[in-house]
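Student: Handing over final-v7.pdb, PDB, C-alpha atoms.
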ATOM      1  CA  MET A 286     134.719  90.234  70.894
ATOM      2  CA  GLY A 287     135.505  93.934  70.716
ATOM      3  CA  THR A 288     138.848  95.512  71.372
ATOM      4  CA  PRO A 289     139.342  96.305  75.080
ATOM      5  CA  GLN A 290     139.013 100.004  75.773
ATOM      6  CA  ALA A 291     141.624 101.850  77.766
ATOM      7  CA  PRO A 292     140.306 103.313  81.016
ATOM      8  CA  SER A 293     139.129 106.905  80.780
ATOM      9  CA  PRO A 294     141.428 109.502  82.334
ATOM     10  CA  TRP A 295     138.838 110.311  85.007
ATOM     11  CA  THR A 296     138.351 106.709  86.243
ATOM     12  CA  LEU A 297     140.914 107.162  88.984
ATOM     13  CA  GLU A 298     139.105 104.770  91.296
ATOM     14  CA  ALA A 299     139.313 101.996  88.693
ATOM     15  CA  LEU A 300     143.034 102.595  88.250
ATOM     16  CA  LEU A 301     143.640 102.560  91.998
ATOM     17  CA  THR A 302     141.626  99.357  92.331
ATOM     18  CA  ALA A 303     143.704  97.728  89.586
ATOM     19  CA  VAL A 304     146.942  98.758  91.311
ATOM     20  CA  THR A 305     145.815  97.290  94.642
ATOM     21  CA  THR A 306     145.311  93.896  92.984
ATOM     22  CA  LEU A 307     149.010  93.700  92.057
ATOM     23  CA  PRO A 308     151.354  91.599  94.199
ATOM     24  CA  PRO A 309     152.840  93.852  96.900
ATOM     25  CA  GLU A 310     156.392  93.138  95.722
ATOM     26  CA  TRP A 311     155.548  94.733  92.354
ATOM     27  CA  LEU A 312     154.593  98.094  93.838
ATOM     28  CA  PRO A 313     158.139  99.528  94.328
ATOM     29  CA  THR A 314     158.956  98.745  90.688
ATOM     30  CA  LEU A 315     155.695 100.297  89.501
ATOM     31  CA  LEU A 316     156.189 103.443  91.583
ATOM     32  CA  GLY A 317     159.762 103.757  90.363
ATOM     33  CA  ALA A 318     158.623 103.479  86.740
ATOM     34  CA  VAL A 319     155.948 106.158  87.264
ATOM     35  CA  GLN A 320     158.481 108.483  88.896
ATOM     36  CA  ALA A 321     160.950 107.948  86.037
ATOM     37  CA  ARG A 322     158.251 108.782  83.481
ATOM     38  CA  LEU A 323     157.383 112.014  85.297
ATOM     39  CA  LEU A 324     160.974 113.196  85.634
ATOM     40  CA  PRO A 325     162.532 115.555  83.086
ATOM     41  CA  PRO A 326     166.111 114.703  82.010
ATOM     42  CA  ILE A 327     168.584 115.162  84.873
ATOM     43  CA  LEU A 328     172.275 115.986  84.482
ATOM     44  CA  SER A 329     174.833 116.349  87.275
ATOM     45  CA  PHE A 330     177.695 118.853  87.131
ATOM     46  CA  VAL A 331     180.505 117.559  89.337
ATOM     47  CA  ALA A 332     183.884 119.000  90.267
ATOM     48  CA  ARG A 333     186.403 119.284  93.038
ATOM     49  CA  SER A 334     185.676 121.853  95.710
ATOM     50  CA  GLY A 335     186.656 125.354  94.637
ATOM     51  CA  THR A 336     186.544 124.632  90.911
ATOM     52  CA  GLY A 337     183.640 127.000  90.297
ATOM     53  CA  LYS A 338     180.506 124.894  89.768
ATOM     54  CA  THR A 339     178.091 127.596  90.899
ATOM     55  CA  THR A 340     179.794 130.333  88.865
ATOM     56  CA  PHE A 341     179.699 128.107  85.791
ATOM     57  CA  LEU A 342     175.992 127.316  86.202
ATOM     58  CA  ILE A 343     175.180 131.003  86.688
ATOM     59  CA  LYS A 344     176.703 131.634  83.232
ATOM     60  CA  LEU A 345     175.051 128.580  81.653
ATOM     61  CA  LEU A 346     171.491 129.123  82.891
ATOM     62  CA  PRO A 347     170.786 132.339  80.904
ATOM     63  CA  GLU A 348     172.008 130.593  77.726
ATOM     64  CA  LEU A 349     169.607 127.704  78.316
ATOM     65  CA  ARG A 350     166.773 130.110  79.061
ATOM     66  CA  ARG A 351     167.448 131.960  75.795
ATOM     67  CA  ARG A 352     167.076 128.608  74.031
ATOM     68  CA  GLY A 353     163.626 128.151  75.528
ATOM     69  CA  LEU A 354     164.394 125.621  78.268
ATOM     70  CA  ARG A 355     162.797 125.783  81.708
ATOM     71  CA  VAL A 356     165.552 124.531  84.007
ATOM     72  CA  GLY A 357     165.519 123.462  87.647
ATOM     73  CA  VAL A 358     168.693 123.237  89.754
ATOM     74  CA  VAL A 359     169.408 120.915  92.672
ATOM     75  CA  LYS A 360     172.140 122.132  95.025
ATOM     76  CA  HIS A 361     173.755 119.257  96.916
ATOM     77  CA  HIS A 362     174.319 120.236 100.549
ATOM     78  CA  ALA A 363     176.779 117.725 101.969
ATOM     79  CA  HIS A 364     177.100 119.226 105.454
ATOM     80  CA  PRO A 365     174.912 118.047 108.367
ATOM     81  CA  THR A 366     173.416 121.507 108.847
ATOM     82  CA  SER A 367     170.129 123.129 107.890
ATOM     83  CA  PHE A 368     169.596 125.160 104.707
ATOM     84  CA  ASP A 369     167.499 127.556 106.738
ATOM     85  CA  THR A 370     169.262 130.337 108.637
ATOM     86  CA  PRO A 371     169.391 130.127 112.446
ATOM     87  CA  GLY A 372     167.475 133.000 113.975
ATOM     88  CA  LYS A 373     164.975 133.306 111.135
ATOM     89  CA  ASP A 374     161.339 132.710 112.056
ATOM     90  CA  THR A 375     161.125 129.756 109.649
ATOM     91  CA  PHE A 376     164.110 128.164 111.382
ATOM     92  CA  ARG A 377     162.674 128.801 114.862
ATOM     93  CA  LEU A 378     159.321 127.271 113.909
ATOM     94  CA  ALA A 379     161.025 124.157 112.561
ATOM     95  CA  GLU A 380     163.174 123.923 115.682
ATOM     96  CA  ALA A 381     159.979 124.096 117.751
ATOM     97  CA  GLY A 382     158.733 120.914 116.084
ATOM     98  CA  ALA A 383     157.045 121.807 112.793
ATOM     99  CA  ALA A 384     157.657 119.080 110.218
ATOM    100  CA  LEU A 385     156.851 121.524 107.402
ATOM    101  CA  VAL A 386     157.356 125.292 107.298
ATOM    102  CA  ILE A 387     156.350 127.382 104.262
ATOM    103  CA  GLY A 388     157.556 130.950 103.972
ATOM    104  CA  ILE A 389     155.516 133.121 101.592
ATOM    105  CA  GLY A 390     156.632 136.574 100.497
ATOM    106  CA  PRO A 391     156.046 138.991  97.621
ATOM    107  CA  VAL A 392     158.961 137.671  95.546
ATOM    108  CA  GLU A 393     159.356 134.000  96.493
ATOM    109  CA  THR A 394     157.954 131.038  98.375
ATOM    110  CA  ALA A 395     160.291 128.779 100.356
ATOM    111  CA  VAL A 396     159.398 125.326 101.668
ATOM    112  CA  PHE A 397     161.421 123.805 104.507
ATOM    113  CA  ARG A 398     160.695 120.168 105.306
ATOM    114  CA  ARG A 399     162.507 118.554 108.218
ATOM    115  CA  GLN A 400     163.678 115.073 107.278
ATOM    116  CA  THR A 401     166.136 113.077 109.333
ATOM    117  CA  ASP A 402     166.300 110.004 107.082
ATOM    118  CA  GLY A 403     167.616 109.924 103.513
ATOM    119  CA  ALA A 404     165.567 111.907 101.012
ATOM    120  CA  ASP A 405     164.115 110.166  97.954
ATOM    121  CA  LEU A 406     165.403 112.665  95.420
ATOM    122  CA  ASN A 407     163.553 111.106  92.474
ATOM    123  CA  ALA A 408     160.254 111.402  94.337
ATOM    124  CA  ILE A 409     160.982 115.037  95.225
ATOM    125  CA  LEU A 410     161.937 115.887  91.641
ATOM    126  CA  ALA A 411     158.883 114.109  90.233
ATOM    127  CA  ARG A 412     156.692 116.176  92.573
ATOM    128  CA  GLU A 413     158.437 119.529  92.147
ATOM    129  CA  GLY A 414     159.730 119.265  88.578
ATOM    130  CA  ALA A 415     156.422 119.241  86.715
ATOM    131  CA  GLY A 416     156.652 121.456  83.655
ATOM    132  CA  LEU A 417     160.439 121.652  83.636
ATOM    133  CA  ASP A 418     162.439 120.710  80.546
ATOM    134  CA  LEU A 419     165.661 119.899  82.368
ATOM    135  CA  ILE A 420     167.065 119.519  85.881
ATOM    136  CA  LEU A 421     170.724 120.214  86.650
ATOM    137  CA  THR A 422     172.350 119.114  89.880
ATOM    138  CA  GLU A 423     175.367 120.825  91.357
ATOM    139  CA  GLY A 424     177.311 118.002  92.909
ATOM    140  CA  LEU A 425     175.907 114.506  93.570
ATOM    141  CA  ARG A 426     179.185 112.979  92.436
ATOM    142  CA  ARG A 427     178.001 109.533  93.554
ATOM    143  CA  GLY A 428     174.441 109.989  92.319
ATOM    144  CA  PRO A 429     172.816 107.889  89.585
ATOM    145  CA  TYR A 430     172.482 110.655  86.965
ATOM    146  CA  PRO A 431     174.621 111.320  83.858
ATOM    147  CA  LYS A 432     177.531 113.594  84.682
ATOM    148  CA  VAL A 433     179.530 116.483  83.242
ATOM    149  CA  GLU A 434     182.803 117.107  85.045
ATOM    150  CA  LEU A 435     184.210 120.607  85.451
ATOM    151  CA  HIS A 436     188.007 120.521  85.712
ATOM    152  CA  ARG A 437     190.744 123.088  86.185
ATOM    153  CA  SER A 438     194.375 122.039  85.963
ATOM    154  CA  ASP A 439     195.370 124.435  88.755
ATOM    155  CA  ARG A 440     193.055 122.513  91.099
ATOM    156  CA  SER A 441     194.151 119.002  90.112
ATOM    157  CA  HIS A 442     195.996 117.114  87.394
ATOM    158  CA  GLU A 443     193.477 114.282  87.691
ATOM    159  CA  LEU A 444     189.752 113.997  87.096
ATOM    160  CA  LEU A 445     187.170 112.842  89.610
ATOM    161  CA  CYS A 446     185.382 110.574  87.125
ATOM    162  CA  ARG A 447     186.317 107.866  84.671
ATOM    163  CA  PRO A 448     185.488 108.559  81.017
ATOM    164  CA  ASP A 449     182.702 105.955  81.041
ATOM    165  CA  GLU A 450     181.001 107.905  83.856
ATOM    166  CA  LEU A 451     180.833 111.148  81.867
ATOM    167  CA  VAL A 452     178.717 112.411  78.991
ATOM    168  CA  ALA A 453     180.865 115.554  78.600
ATOM    169  CA  LEU A 454     183.847 117.358  80.097
ATOM    170  CA  VAL A 455     184.644 121.045  80.646
ATOM    171  CA  SER A 456     188.362 121.618  81.158
ATOM    172  CA  ASP A 457     191.252 123.973  80.435
ATOM    173  CA  VAL A 458     193.239 121.034  79.010
ATOM    174  CA  ARG A 459     192.399 118.455  76.356
ATOM    175  CA  TRP A 460     192.015 114.842  77.456
ATOM    176  CA  PRO A 461     192.518 111.788  75.173
ATOM    177  CA  TRP A 462     188.929 110.639  75.656
ATOM    178  CA  ASP A 463     186.166 110.098  73.141
ATOM    179  CA  ILE A 464     183.581 112.315  74.830
ATOM    180  CA  PRO A 465     182.452 115.886  74.063
ATOM    181  CA  GLN A 466     184.956 118.343  75.563
ATOM    182  CA  PHE A 467     184.561 122.095  75.976
ATOM    183  CA  ALA A 468     186.676 125.021  77.112
ATOM    184  CA  TRP A 469     185.462 127.012  80.091
ATOM    185  CA  ASP A 470     184.549 130.017  77.981
ATOM    186  CA  ALA A 471     182.556 127.976  75.419
ATOM    187  CA  VAL A 472     179.305 128.445  77.360
ATOM    188  CA  ALA A 473     177.176 128.951  74.229
ATOM    189  CA  ASP A 474     178.556 125.750  72.665
ATOM    190  CA  ILE A 475     177.875 123.860  75.885
ATOM    191  CA  ALA A 476     174.291 125.173  75.911
ATOM    192  CA  ASP A 477     173.801 124.019  72.299
ATOM    193  CA  TRP A 478     175.150 120.570  73.153
ATOM    194  CA  LEU A 479     172.985 120.388  76.271
ATOM    195  CA  CYS A 480     169.845 121.258  74.295
ATOM    196  CA  ALA A 481     170.606 118.403  71.886
ATOM    197  CA  TRP A 482     171.292 116.075  74.830
ATOM    198  CA  GLN A 483     167.981 117.056  76.439
ATOM    199  CA  ARG A 484     166.001 116.398  73.254
ATOM    200  CA  LEU A 485     167.554 112.955  72.819
ATOM    201  CA  ARG A 486     166.919 112.041  76.453
ATOM    202  CA  ARG A 487     163.299 113.131  76.105
ATOM    203  CA  ALA A 488     163.044 110.871  73.073
ATOM    204  CA  GLY A 489     164.575 107.962  75.023
ATOM    205  CA  ARG A 490     167.746 107.873  72.963
ATOM    206  CA  GLU A 491     171.429 108.039  73.842
ATOM    207  CA  SER A 492     173.192 111.330  74.460
ATOM    208  CA  PRO A 493     175.084 113.040  71.601
ATOM    209  CA  ARG A 494     178.766 112.232  71.366
TER     210      ARG A 494
END
Show me the file's structure as structure tokens.
Tutor:
Amino acid sequence: MGTPQAPSPWTLEALLTAVTTLPPEWLPTLLGAVQARLLPPILSFVARSGTGKTTFLIKLLPELRRRGLRVGVVKHHAHPTSFDTPGKDTFRLAEAGAALVIGIGPVETAVFRRQTDGADLNAILAREGAGLDLILTEGLRRGPYPKVELHRSDRSHELLCRPDELVALVSDVRWPWDIPQFAWDAVADIADWLCAWQRLRRAGRESPR
């Protein structure tokens, strides 16, 4: 008996038929595994309010770009208000009942999708993150992704996270923890470390320590 041949890439119907024969309770696990395979490495930068997460990322992103990484950023919006600006046509159309509004201009395209229930962030990132090397989130302190904490001693003498929750720490003081630690002005060193972390995550290995 010959060796079974893998299905050709274009036999989508055969693949869909095979999936529909699985027990229904297996489907969430299968979909989750597919989403995880499609996602680039994701890293959350967390900090207390006013610490300077956005300013830090604005300095870090050009360093990562110079190292050849295509990076996406997720901005966590914790307030129960819209991202879109009241009074704008896109906002008015959504208020009128459109579930999806796409604004297209000469320099950017913006997509506004009204969603009242909790968003499946992994599904969104798997759909929108194709071709990216890395996704950084600003915030998502309680999210499931590896975390780097940004800390300033004039904001707090304590950290938000435990050491076992962090893969690295950026602070103006040294902490007695066995994790990579960086000063605020060591942006190039942080970018080098992050590139190494991204390569290891892509390879399915642990992050550099």
Student: On this structure, which residues satisfy the PyMOL selection byres ((chain A and resi 333) around 12), written as a list in words?
Tutor: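 This file gives the following for the PyMOL selection byres ((chain A and resi 333) around 12): Phe330, Val331, Ala332, Ser334, Gly335, Thr336, Gly337, Lys338, Thr339, Glu423, Gly424, Leu425, Arg426, Glu434, Leu435, His436, Arg437, Ser438, Asp439, Arg440, Ser441, His442, Glu443, Leu444, Leu445 and Cys446 of chain A.
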Student: Calculated over all atoms listed in the file, which of the candidates A:Leu312, A:Ala379, A:Ile464, A:Leu342 has the smallest distance to Lys360 of chain A?
Tutor: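 Nearest to Lys360 of chain A: A:Leu342.
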Student: Of the candidates A:Gln466, A:Pro347, A:Leu410, A:Trp311, which shows the shortest atom-to-atom distance to Thr422 of chain A, using all atoms listed in the file?
Tutor: A:Leu410
Student: Using all atoms listed in the file, which of the listed residues (A:Glu380, A:Glu298, A:Trp478, A:Glu413) sits closest to Val396 of chain A?
Tutor: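 Going through A:Glu380, A:Glu298, A:Trp478, A:Glu413 one by one, the smallest distance to Val396 of chain A is for A:Glu413.
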Student: State, in Å with one decimal place, the distance from atom CA of Asp418 of chain A to atom CA of Arg355 of chain A.
Tutor: 5.2 Å
Student: Write out as a ChimeraX atom specification the residues lying within 10 Å of Gly489 of chain A, counting all atoms listed in the file and excluding same-chain residues fewer than 5 positions away.
Tutor: /A:326,483-484
Student: Any idea what the distance is between atom CA of Ala481 of chain A and atom CA of Leu315 of chain A?
Tutor: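 Atom CA of Ala481 of chain A sits 29.3 Å away from atom CA of Leu315 of chain A.
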Student: Report, in Å with one decimal, the straight-line distance from atom CA of Leu421 of chain A to atom CA of Phe341 of chain A.
Tutor: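 Value for the atom CA of Leu421 of chain A-atom CA of Phe341 of chain A distance: 12.0 Å.
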Student: So, with only C-alpha atoms as the atoms that count, which of A:Leu454, A:Val433, A:Ile389, A:Leu419 lies closest to Leu349 of chain A?
Tutor: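 Once distances to Leu349 of chain A are computed over only C-alpha atoms, the minimum belongs to A:Leu419.
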Student: How big is the axis-aligned box around all listed atoms of segment 381-389 of chain A once 4 Å goes on each side, and where's its centre, in Å to one decimal, as lines of an AutoDock Vina configuration file?
Tutor:
center_x = 157.7
center_y = 126.1
center_z = 109.7
size_x = 12.5
size_y = 22.0
size_z = 24.2
Student: Counting all atoms listed in the file, which residue out of A:Leu328, A:Ala476, A:Ile387, A:Ala415 sits closest to Val359 of chain A?
Tutor: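 That would be A:Leu328, the residue with the smallest distance to Val359 of chain A.
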Student: Given the choices A:Leu451, A:Val472, A:Leu300, A:Leu354, which gets closest to Thr340 of chain A if the distance is worked out from all atoms listed in the file?
Tutor: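 That would be A:Val472, the residue with the smallest distance to Thr340 of chain A.
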Student: Quick one: residues within 10 Å of Ala395 of chain A, only C-alpha atoms counted, chain neighbours fewer than 3 positions away excluded, as a list in words?
Tutor: Asp369, Thr375, Val386, Ile387, Gly388, Ile389, Gly390 and Arg398 of chain A
Student: Output C-alpha atoms for every residue in that selection, as an mmCIF file, in the frame of the given file.
Tutor:
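Saved file selection15.cif follows:
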data_model
loop_
_atom_site.group_PDB
_atom_site.id
_atom_site.type_symbol
_atom_site.label_atom_id
_atom_site.label_comp_id
_atom_site.auth_asym_id
_atom_site.auth_seq_id
_atom_site.Cartn_x
_atom_site.Cartn_y
_atom_site.Cartn_z
ATOM 1 C CA ASP A 369 167.499 127.556 106.738
ATOM 2 C CA THR A 375 161.125 129.756 109.649
ATOM 3 C CA VAL A 386 157.356 125.292 107.298
ATOM 4 C CA ILE A 387 156.350 127.382 104.262
ATOM 5 C CA GLY A 388 157.556 130.950 103.972
ATOM 6 C CA ILE A 389 155.516 133.121 101.592
ATOM 7 C CA GLY A 390 156.632 136.574 100.497
ATOM 8 C CA ARG A 398 160.695 120.168 105.306
#
Student: For Ala473 of chain A, work out the shell of residues within 12 Å, counting all atoms listed in the file and skipping chain neighbours fewer than 3 positions away, then give it as a PyMOL selection string.
Tutor: chain A and resi 341+344-352+467-470+476-480
Student: Given the selection you just returned, output its residues as a file containing C-alpha atoms, formatted as a PDB file, keeping the file's coordinate frame.
Tutor:
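This is the output file selection-v4.pdb:
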ATOM      1  CA  PHE A 341     179.699 128.107  85.791  1.00  0.00           C
ATOM      2  CA  LYS A 344     176.703 131.634  83.232  1.00  0.00           C
ATOM      3  CA  LEU A 345     175.051 128.580  81.653  1.00  0.00           C
ATOM      4  CA  LEU A 346     171.491 129.123  82.891  1.00  0.00           C
ATOM      5  CA  PRO A 347     170.786 132.339  80.904  1.00  0.00           C
ATOM      6  CA  GLU A 348     172.008 130.593  77.726  1.00  0.00           C
ATOM      7  CA  LEU A 349     169.607 127.704  78.316  1.00  0.00           C
ATOM      8  CA  ARG A 350     166.773 130.110  79.061  1.00  0.00           C
ATOM      9  CA  ARG A 351     167.448 131.960  75.795  1.00  0.00           C
ATOM     10  CA  ARG A 352     167.076 128.608  74.031  1.00  0.00           C
ATOM     11  CA  PHE A 467     184.561 122.095  75.976  1.00  0.00           C
ATOM     12  CA  ALA A 468     186.676 125.021  77.112  1.00  0.00           C
ATOM     13  CA  TRP A 469     185.462 127.012  80.091  1.00  0.00           C
ATOM     14  CA  ASP A 470     184.549 130.017  77.981  1.00  0.00           C
ATOM     15  CA  ALA A 476     174.291 125.173  75.911  1.00  0.00           C
ATOM     16  CA  ASP A 477     173.801 124.019  72.299  1.00  0.00           C
ATOM     17  CA  TRP A 478     175.150 120.570  73.153  1.00  0.00           C
ATOM     18  CA  LEU A 479     172.985 120.388  76.271  1.00  0.00           C
ATOM     19  CA  CYS A 480     169.845 121.258  74.295  1.00  0.00           C
TER      20      CYS A 480
END
Student: For Gly416 of chain A, find every residue with an atom within 10 Å (counting all atoms listed in the file), except residues of its own chain fewer than 6 positions away, and show them as a PyMOL selection string.
Tutor: chain A and resi 323-325+355-357
Student: Starting from the incomplete input, reconstruct N, CA and C atoms of segment 418-438 of chain A and report them as a JSON list (two decimals), keeping the file's coordinate frame.
Tutor:
[["chain", "number", "residue", "atom", "x", "y", "z"],
["A", 418, "ASP", "N", 161.85, 121.41, 81.68],
["A", 418, "ASP", "CA", 162.44, 120.71, 80.55],
["A", 418, "ASP", "C", 163.71, 119.96, 80.94],
["A", 419, "LEU", "N", 164.35, 120.42, 82.02],
["A", 419, "LEU", "CA", 165.66, 119.90, 82.37],
["A", 419, "LEU", "C", 165.93, 120.21, 83.83],
["A", 420, "ILE", "N", 166.61, 119.28, 84.51],
["A", 420, "ILE", "CA", 167.06, 119.52, 85.88],
["A", 420, "ILE", "C", 168.57, 119.32, 85.92],
["A", 421, "LEU", "N", 169.28, 120.30, 86.46],
["A", 421, "LEU", "CA", 170.72, 120.21, 86.65],
["A", 421, "LEU", "C", 171.02, 120.08, 88.14],
["A", 422, "THR", "N", 171.93, 119.20, 88.48],
["A", 422, "THR", "CA", 172.35, 119.11, 89.88],
["A", 422, "THR", "C", 173.77, 119.63, 89.99],
["A", 423, "GLU", "N", 174.01, 120.38, 91.04],
["A", 423, "GLU", "CA", 175.37, 120.82, 91.36],
["A", 423, "GLU", "C", 175.91, 119.89, 92.43],
["A", 424, "GLY", "N", 176.80, 119.02, 92.01],
["A", 424, "GLY", "CA", 177.31, 118.00, 92.91],
["A", 424, "GLY", "C", 176.67, 116.65, 92.63],
["A", 425, "LEU", "N", 176.42, 115.89, 93.68],
["A", 425, "LEU", "CA", 175.91, 114.51, 93.57],
["A", 425, "LEU", "C", 176.87, 113.64, 92.77],
["A", 426, "ARG", "N", 178.14, 113.75, 93.12],
["A", 426, "ARG", "CA", 179.18, 112.98, 92.44],
["A", 426, "ARG", "C", 178.87, 111.49, 92.40],
["A", 427, "ARG", "N", 178.30, 110.97, 93.47],
["A", 427, "ARG", "CA", 178.00, 109.53, 93.55],
["A", 427, "ARG", "C", 176.54, 109.23, 93.22],
["A", 428, "GLY", "N", 175.83, 110.20, 92.68],
["A", 428, "GLY", "CA", 174.44, 109.99, 92.32],
["A", 428, "GLY", "C", 174.29, 109.18, 91.05],
["A", 429, "PRO", "N", 173.06, 108.80, 90.71],
["A", 429, "PRO", "CA", 172.82, 107.89, 89.58],
["A", 429, "PRO", "C", 172.67, 108.58, 88.23],
["A", 430, "TYR", "N", 172.81, 109.92, 88.18],
["A", 430, "TYR", "CA", 172.48, 110.66, 86.96],
["A", 430, "TYR", "C", 173.71, 110.83, 86.07],
["A", 431, "PRO", "N", 173.49, 111.02, 84.75],
["A", 431, "PRO", "CA", 174.62, 111.32, 83.86],
["A", 431, "PRO", "C", 175.38, 112.54, 84.37],
["A", 432, "LYS", "N", 176.68, 112.57, 84.07],
["A", 432, "LYS", "CA", 177.53, 113.59, 84.68],
["A", 432, "LYS", "C", 178.36, 114.35, 83.64],
["A", 433, "VAL", "N", 178.55, 115.64, 83.92],
["A", 433, "VAL", "CA", 179.53, 116.48, 83.24],
["A", 433, "VAL", "C", 180.53, 116.93, 84.31],
["A", 434, "GLU", "N", 181.81, 116.67, 84.06],
["A", 434, "GLU", "CA", 182.80, 117.11, 85.04],
["A", 434, "GLU", "C", 183.38, 118.46, 84.63],
["A", 435, "LEU", "N", 183.54, 119.33, 85.63],
["A", 435, "LEU", "CA", 184.21, 120.61, 85.45],
["A", 435, "LEU", "C", 185.60, 120.48, 86.06],
["A", 436, "HIS", "N", 186.63, 120.77, 85.27],
["A", 436, "HIS", "CA", 188.01, 120.52, 85.71],
["A", 436, "HIS", "C", 188.88, 121.73, 85.41],
["A", 437, "ARG", "N", 189.70, 122.08, 86.38],
["A", 437, "ARG", "CA", 190.74, 123.09, 86.18],
["A", 437, "ARG", "C", 192.09, 122.48, 86.58],
["A", 438, "SER", "N", 193.07, 122.67, 85.72],
["A", 438, "SER", "CA", 194.38, 122.04, 85.96],
["A", 438, "SER", "C", 195.08, 122.64, 87.17]]
